[in-house]
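Here is my_file.txt, consisting of compact mmCIF, C-alpha atoms and all ligand atoms:
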# COMPACT_ATOMS: atom_id res chain seq x y z
CA MET A 1 40.22 4.36 -17.94
CA LYS A 2 40.18 6.29 -14.69
CA SER A 3 38.67 4.52 -11.70
CA ILE A 4 36.43 6.33 -9.27
CA LEU A 5 35.57 4.82 -5.91
CA VAL A 6 31.84 5.25 -5.26
CA THR A 7 30.85 4.52 -1.67
CA GLY A 8 27.13 3.86 -1.38
CA GLY A 9 27.09 3.23 -5.13
CA ALA A 10 24.11 0.87 -4.93
CA GLY A 11 21.91 3.50 -3.31
CA PHE A 12 19.54 5.95 -4.93
CA ILE A 13 21.89 8.78 -5.91
CA GLY A 14 24.94 6.49 -6.02
CA SER A 15 23.47 4.12 -8.61
CA HIS A 16 22.47 6.98 -10.93
CA THR A 17 25.94 8.50 -10.54
CA VAL A 18 27.48 5.17 -11.58
CA VAL A 19 25.55 5.50 -14.86
CA SER A 20 26.79 9.05 -15.41
CA LEU A 21 30.37 8.06 -14.64
CA ILE A 22 30.29 5.22 -17.17
CA ASN A 23 28.68 7.49 -19.78
CA SER A 24 31.57 9.90 -19.26
CA GLY A 25 34.26 7.24 -19.65
CA TYR A 26 35.14 6.58 -16.00
CA THR A 27 35.26 3.16 -14.33
CA PRO A 28 33.21 3.24 -11.13
CA ILE A 29 34.17 0.84 -8.36
CA ILE A 30 31.41 0.46 -5.81
CA VAL A 31 31.59 -0.11 -2.09
CA ASP A 32 28.20 -0.76 -0.51
CA ASP A 33 27.21 -3.10 2.29
CA PHE A 34 23.55 -3.16 1.15
CA ARG A 35 22.18 -2.28 4.56
CA ASN A 36 20.14 0.43 2.89
CA ALA A 37 20.27 -0.58 -0.77
CA ASN A 38 18.51 -3.20 -2.82
CA LYS A 39 20.14 -5.80 -5.04
CA THR A 40 17.34 -5.35 -7.61
CA VAL A 41 18.84 -1.93 -8.32
CA VAL A 42 22.21 -3.54 -9.06
CA GLN A 43 20.61 -5.95 -11.53
CA GLY A 44 18.93 -3.02 -13.29
CA LEU A 45 22.14 -1.03 -13.17
CA LYS A 46 24.15 -3.78 -14.88
CA LYS A 47 21.49 -4.10 -17.55
CA LEU A 48 21.45 -0.36 -18.11
CA VAL A 49 25.22 0.06 -18.44
CA GLU A 50 25.54 -3.25 -20.33
CA GLN A 51 28.50 -4.38 -18.32
CA ASP A 52 29.42 -6.13 -15.13
CA LEU A 53 30.32 -3.93 -12.19
CA LEU A 54 32.92 -4.32 -9.50
CA ILE A 55 31.12 -4.12 -6.17
CA TYR A 56 32.70 -4.66 -2.77
CA GLN A 57 30.16 -5.57 -0.14
CA VAL A 58 31.96 -3.78 2.64
CA ASP A 59 31.05 -1.36 5.45
CA VAL A 60 32.87 1.91 4.73
CA CYS A 61 33.57 2.24 8.48
CA ASP A 62 35.73 -0.92 8.26
CA LYS A 63 39.12 0.69 7.87
CA SER A 64 41.16 -2.45 7.24
CA LYS A 65 38.81 -3.66 4.48
CA MET A 66 38.73 -0.18 2.94
CA ASN A 67 42.53 -0.09 2.99
CA GLU A 68 42.64 -3.39 1.15
CA ILE A 69 40.39 -1.92 -1.55
CA PHE A 70 42.59 1.17 -1.86
CA GLU A 71 45.60 -1.14 -2.18
CA LYS A 72 44.04 -3.10 -5.03
CA HIS A 73 43.14 -0.10 -7.21
CA VAL A 74 44.55 3.19 -8.36
CA PHE A 75 41.68 5.62 -7.84
CA GLU A 76 41.49 8.95 -9.60
CA GLY A 77 39.05 10.12 -6.96
CA VAL A 78 36.33 9.21 -4.50
CA ILE A 79 32.63 10.05 -4.46
CA HIS A 80 31.43 9.44 -0.94
CA PHE A 81 27.69 8.79 -0.61
CA ALA A 82 27.51 6.04 2.00
CA ALA A 83 25.55 7.49 4.92
CA TYR A 84 22.24 7.30 6.76
CA LYS A 85 19.73 9.95 5.71
CA ALA A 86 16.44 9.61 7.57
CA VAL A 87 15.89 12.80 9.54
CA GLY A 88 13.30 11.35 11.96
CA GLU A 89 15.30 8.21 12.68
CA SER A 90 18.35 10.33 13.43
CA VAL A 91 16.43 12.09 16.23
CA ASP A 92 15.63 8.72 17.84
CA PHE A 93 19.05 7.16 17.24
CA PRO A 94 21.57 10.01 17.12
CA LEU A 95 24.63 7.91 17.88
CA LYS A 96 23.82 5.54 15.02
CA TYR A 97 24.03 8.59 12.74
CA TYR A 98 27.12 10.16 14.27
CA HIS A 99 28.91 6.83 14.35
CA ASN A 100 28.16 5.82 10.78
CA ASN A 101 28.17 9.12 8.91
CA LEU A 102 31.26 10.56 10.57
CA ASN A 103 33.39 7.42 10.88
CA SER A 104 32.81 6.45 7.26
CA LEU A 105 33.98 9.88 6.12
CA MET A 106 37.07 9.73 8.35
CA VAL A 107 37.96 6.27 7.06
CA VAL A 108 37.61 7.52 3.48
CA LEU A 109 39.85 10.53 4.20
CA GLU A 110 42.49 8.43 5.96
CA CYS A 111 42.58 5.91 3.13
CA MET A 112 42.78 8.72 0.56
CA LYS A 113 45.79 10.27 2.26
CA LYS A 114 47.53 6.95 2.81
CA HIS A 115 47.16 6.03 -0.85
CA ALA A 116 47.63 9.56 -2.24
CA VAL A 117 44.16 9.79 -3.76
CA ASP A 118 43.56 13.52 -3.73
CA LYS A 119 40.06 14.13 -5.17
CA LEU A 120 36.88 13.90 -3.10
CA VAL A 121 33.27 14.67 -3.93
CA PHE A 122 31.11 14.57 -0.82
CA SER A 123 27.31 14.40 -0.57
CA SER A 124 26.23 17.24 1.60
CA SER A 125 22.78 18.74 1.90
CA CYS A 126 20.85 21.98 1.85
CA THR A 127 19.86 21.02 5.37
CA VAL A 128 23.01 22.91 6.48
CA TYR A 129 21.14 26.19 5.75
CA GLY A 130 18.25 25.38 8.10
CA GLU A 131 15.30 27.79 7.77
CA PRO A 132 16.36 30.66 5.50
CA LYS A 133 15.58 34.02 7.10
CA ASP A 134 14.35 36.57 4.55
CA LEU A 135 15.60 35.32 1.23
CA LYS A 136 14.37 31.80 0.49
CA GLU A 137 16.89 31.41 -2.33
CA VAL A 138 20.14 30.40 -0.66
CA ASP A 139 23.63 30.64 -2.11
CA GLU A 140 26.82 29.17 -0.75
CA GLN A 141 27.55 32.37 1.22
CA THR A 142 24.33 31.95 3.20
CA PRO A 143 25.50 31.14 6.72
CA LYS A 144 25.13 27.60 7.95
CA VAL A 145 22.95 27.29 11.02
CA GLN A 146 22.64 24.92 13.94
CA ALA A 147 21.19 21.76 12.39
CA ASN A 148 17.72 20.75 13.52
CA SER A 149 18.45 17.02 13.47
CA PRO A 150 21.41 14.77 14.18
CA TYR A 151 21.30 13.79 10.48
CA GLY A 152 21.66 17.44 9.47
CA ASN A 153 24.37 17.91 12.05
CA THR A 154 26.39 15.03 10.54
CA LYS A 155 26.37 16.93 7.23
CA CYS A 156 27.52 20.18 8.93
CA ILE A 157 30.25 18.37 10.87
CA SER A 158 31.31 16.39 7.79
CA GLU A 159 31.85 19.60 5.83
CA GLU A 160 33.97 20.90 8.71
CA ILE A 161 35.97 17.68 8.90
CA ILE A 162 36.74 17.98 5.18
CA GLN A 163 37.68 21.66 5.59
CA ASP A 164 40.00 20.87 8.53
CA TYR A 165 41.55 17.92 6.73
CA HIS A 166 42.13 20.09 3.68
CA ALA A 167 44.02 22.56 5.90
CA ALA A 168 46.13 19.76 7.34
CA TRP A 169 46.70 17.86 4.09
CA PRO A 170 47.13 20.46 1.40
CA MET A 171 47.03 17.92 -1.43
CA LEU A 172 43.30 17.43 -0.91
CA LYS A 173 40.93 18.69 -3.59
CA ALA A 174 37.36 18.50 -2.38
CA VAL A 175 33.88 19.51 -3.47
CA ASN A 176 30.96 19.32 -1.07
CA LEU A 177 27.78 19.16 -3.13
CA ARG A 178 24.82 20.52 -1.20
CA TYR A 179 21.86 18.64 -2.60
CA PHE A 180 18.40 20.08 -2.52
CA ASN A 181 15.60 17.47 -2.91
CA PRO A 182 16.62 14.61 -5.24
CA VAL A 183 13.67 12.95 -6.99
CA GLY A 184 12.90 10.85 -10.06
CA ALA A 185 14.57 7.85 -11.60
CA HIS A 186 16.51 6.94 -14.73
CA SER A 187 14.27 7.30 -17.81
CA SER A 188 14.80 3.60 -18.63
CA ALA A 189 13.00 2.64 -15.37
CA LEU A 190 15.83 0.17 -14.79
CA ILE A 191 17.01 1.97 -11.65
CA GLY A 192 15.30 4.28 -9.19
CA GLU A 193 14.66 4.92 -5.52
CA TYR A 194 14.05 1.76 -3.49
CA PRO A 195 13.14 2.76 0.06
CA ILE A 196 13.42 0.00 2.62
CA GLY A 197 10.30 0.09 4.77
CA LYS A 198 7.95 3.06 4.79
CA PRO A 199 9.39 5.97 2.80
CA ASN A 200 10.25 9.21 4.60
CA ASN A 201 10.52 11.44 1.57
CA LEU A 202 7.66 12.94 -0.37
CA LEU A 203 7.96 11.48 -3.87
CA PRO A 204 8.33 7.79 -2.97
CA TYR A 205 5.37 8.32 -0.64
CA VAL A 206 3.41 9.77 -3.55
CA THR A 207 4.23 6.95 -5.98
CA GLN A 208 3.60 4.21 -3.40
CA THR A 209 0.22 5.76 -2.59
CA ALA A 210 -0.66 6.03 -6.27
CA ILE A 211 0.19 2.36 -6.86
CA GLY A 212 -1.84 1.31 -3.81
CA LYS A 213 1.01 0.12 -1.56
CA LEU A 214 0.17 2.89 0.88
CA GLU A 215 -3.34 4.00 1.63
CA GLU A 216 -3.06 7.75 1.83
CA LEU A 217 -0.54 10.54 1.62
CA THR A 218 -0.58 13.06 4.44
CA VAL A 219 0.43 16.55 3.44
CA PHE A 220 2.26 17.89 6.48
CA GLY A 221 0.72 21.27 7.23
CA ASN A 222 -1.51 23.68 5.30
CA ASP A 223 -0.85 26.86 7.23
CA TYR A 224 2.68 27.75 6.19
CA PRO A 225 3.18 31.32 4.96
CA THR A 226 3.47 30.25 1.31
CA LYS A 227 1.19 30.71 -1.71
CA ASP A 228 -0.91 27.61 -0.92
CA GLY A 229 0.02 26.99 2.71
CA THR A 230 2.32 24.02 2.01
CA CYS A 231 6.12 23.88 2.18
CA ILE A 232 8.30 24.77 -0.78
CA ARG A 233 11.35 22.79 -1.88
CA ASP A 234 13.73 22.64 -4.83
CA TYR A 235 13.18 19.20 -6.40
CA ILE A 236 16.07 18.09 -8.60
CA HIS A 237 16.02 15.13 -11.01
CA VAL A 238 18.39 12.46 -9.76
CA MET A 239 20.12 12.15 -13.18
CA ASP A 240 20.88 15.87 -13.15
CA LEU A 241 22.27 15.44 -9.67
CA ALA A 242 24.28 12.42 -10.83
CA ASN A 243 25.77 14.47 -13.67
CA ALA A 244 26.80 17.17 -11.21
CA HIS A 245 29.07 14.60 -9.51
CA VAL A 246 30.82 13.79 -12.76
CA LYS A 247 31.25 17.51 -13.45
CA ALA A 248 32.67 17.90 -9.94
CA ILE A 249 35.22 15.13 -10.57
CA SER A 250 36.28 16.70 -13.84
CA PHE A 251 36.49 20.13 -12.15
CA LEU A 252 38.83 18.61 -9.53
CA GLU A 253 40.94 17.01 -12.26
CA LYS A 254 41.56 20.47 -13.69
CA GLN A 255 42.70 21.99 -10.38
CA GLU A 256 46.43 22.44 -10.11
CA SER A 257 46.43 23.29 -6.44
CA SER A 258 44.33 22.09 -3.56
CA CYS A 259 40.80 23.36 -3.04
CA CYS A 260 37.75 22.84 -0.87
CA GLU A 261 34.51 24.10 -2.41
CA VAL A 262 30.87 23.93 -1.44
CA ILE A 263 28.39 23.99 -4.31
CA ASN A 264 24.59 23.98 -4.33
CA VAL A 265 22.91 21.44 -6.58
CA GLY A 266 19.31 22.29 -7.29
CA THR A 267 17.18 23.76 -10.06
CA GLY A 268 16.75 27.23 -8.61
CA LYS A 269 12.96 26.79 -8.59
CA GLY A 270 10.69 26.24 -5.65
CA THR A 271 7.68 23.89 -5.83
CA SER A 272 5.06 23.47 -3.11
CA VAL A 273 3.81 20.09 -1.93
CA LEU A 274 0.39 20.79 -3.46
CA GLU A 275 1.92 21.85 -6.77
CA LEU A 276 3.90 18.62 -6.84
CA ILE A 277 0.78 16.55 -6.16
CA THR A 278 -1.23 18.36 -8.85
CA LEU A 279 1.55 17.98 -11.38
CA PHE A 280 1.93 14.29 -10.54
CA GLU A 281 -1.79 13.73 -11.08
CA SER A 282 -1.87 15.58 -14.37
CA LYS A 283 1.30 14.02 -15.79
CA THR A 284 0.51 10.43 -14.82
CA GLY A 285 -3.29 10.45 -14.93
CA GLN A 286 -3.29 8.90 -11.45
CA LYS A 287 -5.65 10.26 -8.83
CA LEU A 288 -3.83 10.54 -5.54
CA ASN A 289 -5.51 9.86 -2.21
CA TRP A 290 -4.25 12.57 0.09
CA SER A 291 -5.33 14.75 2.96
CA PHE A 292 -3.89 17.47 5.14
CA GLY A 293 -2.32 16.56 8.46
CA PRO A 294 -0.41 18.51 11.09
CA ARG A 295 2.98 20.03 10.37
CA ARG A 296 5.95 17.66 10.61
CA SER A 297 8.37 18.84 13.26
CA GLY A 298 11.65 20.23 11.95
CA ASP A 299 10.34 21.07 8.44
CA VAL A 300 11.53 24.36 7.00
CA THR A 301 8.90 26.51 5.29
CA GLU A 302 10.61 27.35 2.04
CA ILE A 303 14.04 26.89 0.52
CA TYR A 304 15.47 26.74 -2.97
CA ALA A 305 18.91 26.98 -4.47
CA ASN A 306 20.84 29.76 -6.05
CA VAL A 307 22.69 27.73 -8.66
CA SER A 308 25.04 30.35 -10.11
CA LYS A 309 28.14 28.79 -8.62
CA ALA A 310 27.43 25.35 -10.09
CA LYS A 311 26.90 26.99 -13.48
CA LYS A 312 30.06 29.01 -13.17
CA ILE A 313 32.56 26.57 -11.81
CA LEU A 314 31.15 23.20 -12.87
CA SER A 315 29.46 24.32 -16.12
CA TRP A 316 26.49 22.38 -14.82
CA GLU A 317 22.79 23.11 -14.70
CA ALA A 318 19.67 21.02 -14.40
CA SER A 319 18.24 19.84 -17.70
CA TYR A 320 15.22 17.80 -16.61
CA SER A 321 11.97 19.38 -15.46
CA ILE A 322 10.14 18.38 -12.34
CA ALA A 323 7.45 16.89 -14.61
CA ASP A 324 10.12 14.59 -16.12
CA ALA A 325 11.16 13.55 -12.62
CA LEU A 326 7.57 12.73 -11.62
CA ILE A 327 6.97 10.69 -14.79
CA HIS A 328 10.24 8.79 -14.38
CA ALA A 329 9.56 8.07 -10.70
CA TRP A 330 6.10 6.76 -11.63
CA GLU A 331 7.49 4.54 -14.42
CA TRP A 332 9.96 3.10 -11.92
CA GLU A 333 7.26 2.50 -9.28
CA LYS A 334 5.16 0.63 -11.86
CA LYS A 335 8.17 -1.41 -12.93
CA ILE A 336 9.10 -2.60 -9.43
CA ASN A 337 5.50 -3.55 -8.77
CA SER A 338 5.06 -5.49 -11.98
CA LYS A 339 7.27 -8.37 -10.81
C1 LIG B 1 15.08 16.47 4.19
C2 LIG B 1 16.29 17.34 4.29
C3 LIG B 1 17.30 16.97 3.27
C4 LIG B 1 17.62 15.52 3.37
C5 LIG B 1 16.37 14.72 3.19
C6 LIG B 1 16.75 13.29 3.39
C7 LIG B 1 15.85 19.62 5.02
C8 LIG B 1 15.52 21.02 4.59
N1 LIG B 1 15.94 18.74 4.05
O1 LIG B 1 14.40 16.90 3.06
O2 LIG B 1 18.47 17.69 3.47
O3 LIG B 1 18.58 15.17 2.41
O4 LIG B 1 15.41 15.11 4.17
O5 LIG B 1 15.73 12.48 3.75
O6 LIG B 1 16.02 19.30 6.17
N2 LIG B 1 5.99 15.80 2.93
C9 LIG B 1 4.63 15.59 3.11
N3 LIG B 1 4.20 14.31 3.32
C10 LIG B 1 5.06 13.24 3.35
C11 LIG B 1 6.44 13.47 3.15
C12 LIG B 1 6.86 14.77 2.96
O7 LIG B 1 3.83 16.52 3.08
O8 LIG B 1 4.60 12.11 3.55
C13 LIG B 1 6.46 17.17 2.68
C14 LIG B 1 7.40 17.68 3.75
O9 LIG B 1 6.70 18.29 4.80
C15 LIG B 1 8.25 18.65 2.94
C16 LIG B 1 8.28 18.06 1.54
O10 LIG B 1 7.19 17.15 1.49
O11 LIG B 1 7.60 19.88 2.88
C17 LIG B 1 9.56 17.33 1.22
O12 LIG B 1 9.83 16.42 2.27
P1 LIG B 1 10.98 15.32 2.17
O13 LIG B 1 10.90 14.60 0.89
O14 LIG B 1 10.93 14.49 3.42
O15 LIG B 1 12.31 16.16 2.10
P2 LIG B 1 12.88 17.31 3.07
O16 LIG B 1 12.33 17.20 4.43
O17 LIG B 1 12.77 18.58 2.34

Using the file provided, produce a representation of the structure as structure tokens.
Ligand code: UD1
Amino acid sequence: MKSILVTGGAGFIGSHTVVSLINSGYTPIIVDDFRNANKTVVQGLKKLVEQDLLIYQVDVCDKSKMNEIFEKHVFEGVIHFAAYKAVGESVDFPLKYYHNNLNSLMVVLECMKKHAVDKLVFSSSCTVYGEPKDLKEVDEQTPKVQANSPYGNTKCISEEIIQDYHAAWPMLKAVNLRYFNPVGAHSSALIGEYPIGKPNNLLPYVTQTAIGKLEELTVFGNDYPTKDGTCIRDYIHVMDLANAHVKAISFLEKQESSCCEVINVGTGKGTSVLELITLFESKTGQKLNWSFGPRRSGDVTEIYANVSKAKKILSWEASYSIADALIHAWEWEKKINSK
């Protein structure tokens, strides 16, 4: 069985990708130092995949420890998730973000070259597009813009580092997946998003408010030039996103020569904050306590993915609806609060 190194494999997207990898016959080997992941997720993950998992509790920036791991295993490829992702925090602590997100990627690339592991799937973000000008549906040709947060900038720079390394090391086969807004949880409710502290993202804020952990959801802004005045995003079920990683690995396995691709991963549909709230209430029967507040600085008005490239080159498209994602996220929230 082919082994895939999954950095950040105990995190939200990483843990769901581990499930997809196992379902597709790969052996995931996880590196995660648990600074931003919860061991409850690992317990659920083991239960879900009905097997033990090899997990190294190591900081991906620790080059000598990472080298030891690369020496112990023959990896078919690497899926690199491990990174900080809170936009607001990155504004207050930019060096924390540059240090961690960029060094971890460079360590991964150095180890890959040293041990002749030539396939990389990298978690990038639609944040690289910034605020789309006229067309709100962005494809991979849409120019990248100056990032509006250090977090976003680490994703822009990381894509450039991979591009430059690909030019210098022509063995490298890389796919940068530009995620839109990952939401939901596995349908078993055994794994899901486990924010440490107050959540930054919309859906965990919604579910924590619905369960009573948080008092009220603030909808950031009601005067955007959209149909209902709230921002529009492309929310993608985390299991669909997880499957896109497995498709990306198998795409790389089929490449005879080196490559460096960027691919959008979204549904192609935009949903406003108010639409998401209404759908959540109708699908779960939970009344949500929310009110409008001021705009959040740095938010883009509207963005959603053109997903033609993912369909064409990965043979991938989203299969879950946003309603599925909301139900699964709610089941997970209830589960973690029932203990
Ligand atoms: C942002 C980044 C994304 C990154 C993600 C990681 C952009 C375009 N996107 O997503 O690349 O991976 O952060 O954290 O920069 N909202 C509320 N109330 C809340 C929380 C959110 O109204 O309490 C609204 C926001 O204003 C936004 C939407 O919900 O319109 C989604 O917000 P969020 O989940 O934080 O994701 P993004 O900001 O889109």

* Show which residues sit within 7 Å of Ala244 (chain A), as a PyMOL selection string. Count only C-alpha atoms, and ignore same-chain residues fewer than 4 positions away. => chain A and resi 240+248+316

Next on the checklist: Taking all atoms listed in the file and a cut-off of 6 Å, can you tell me which residues surround ligand LIG 1 (chain B), written as a list of chain:residue names?
Outcome noted: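 These are the residues that qualify: A:Lys85, A:Ala86, A:Val87, A:Ser125, A:Cys126, A:Thr127, A:Asn200, A:Asn201, A:Leu202, A:Tyr205, A:Leu217, A:Thr218, A:Val219, A:Phe220, A:Cys231, A:Val273, A:Arg296, A:Asp299, A:Val300.
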
message: Rounded to one decimal, what separation in Å do you get between CA of Ile79 (chain A) and CA of Leu95 (chain A)?
response: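 CA of Leu95 (chain A) lies 23.8 Å from CA of Ile79 (chain A).
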
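Every protein or nucleic acid residue with an atom no more than 7 Å from region 98-114 of chain A, counting only C-alpha atoms and leaving out same-chain residues fewer than 4 positions away, appears here: Val60, Cys61, Lys63, Asn67, Phe70, Ala83, Tyr84, Pro94, Asp118, Thr154 and Ser158 of chain A.
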
TODO: Name the closest residue to Met239 (chain A) among the candidates A:Lys173, A:Arg178, A:Lys136, A:His328; distances are taken between atoms, counting all atoms listed in the file.
DONE: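 Ranked by minimum distance to Met239 (chain A), first place goes to A:His328.
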
*Residues around (26.7, -1.2, -8.1), cut-off 12 Å, counting all atoms listed in the file - what are they as a ChimeraX atom specification?*
/A:5-19,21-22,27-34,37-49,51-57,191

Open item on the list: Just checking: using only C-alpha atoms, which residue out of A:Asn243, A:Asn148, A:Gln255, A:Asn222 ends up closest to Gly298 (chain A)?
Closed with: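 When distances to Gly298 (chain A) are compared using only C-alpha atoms, the smallest one comes from A:Asn148.
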
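Excluding Val265 (chain A) itself and same-chain residues fewer than 3 positions from it, the residues having an atom within 9 Å of it are Ser125, Cys126, Leu177, Arg178, Tyr179, Phe180, Ile236, Asp240, Leu241, Ala244, Gly268, Ala305, Asn306, Val307, Ala310, Glu317 and Ala318 of chain A, counting all atoms listed in the file.
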
Counting all atoms listed in the file, the residue among A:Glu76, A:Glu159, A:Glu68, A:Asp234 that lies closest to Glu261 (chain A) is A:Glu159

* To do: May I ask which of the residues A:Val206, A:Ala185, A:Ile263, A:Leu274 is the closest one to Trp332 (chain A), counting all atoms listed in the file?
  =>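 Among the listed residues, A:Ala185 lies closest to Trp332 (chain A).
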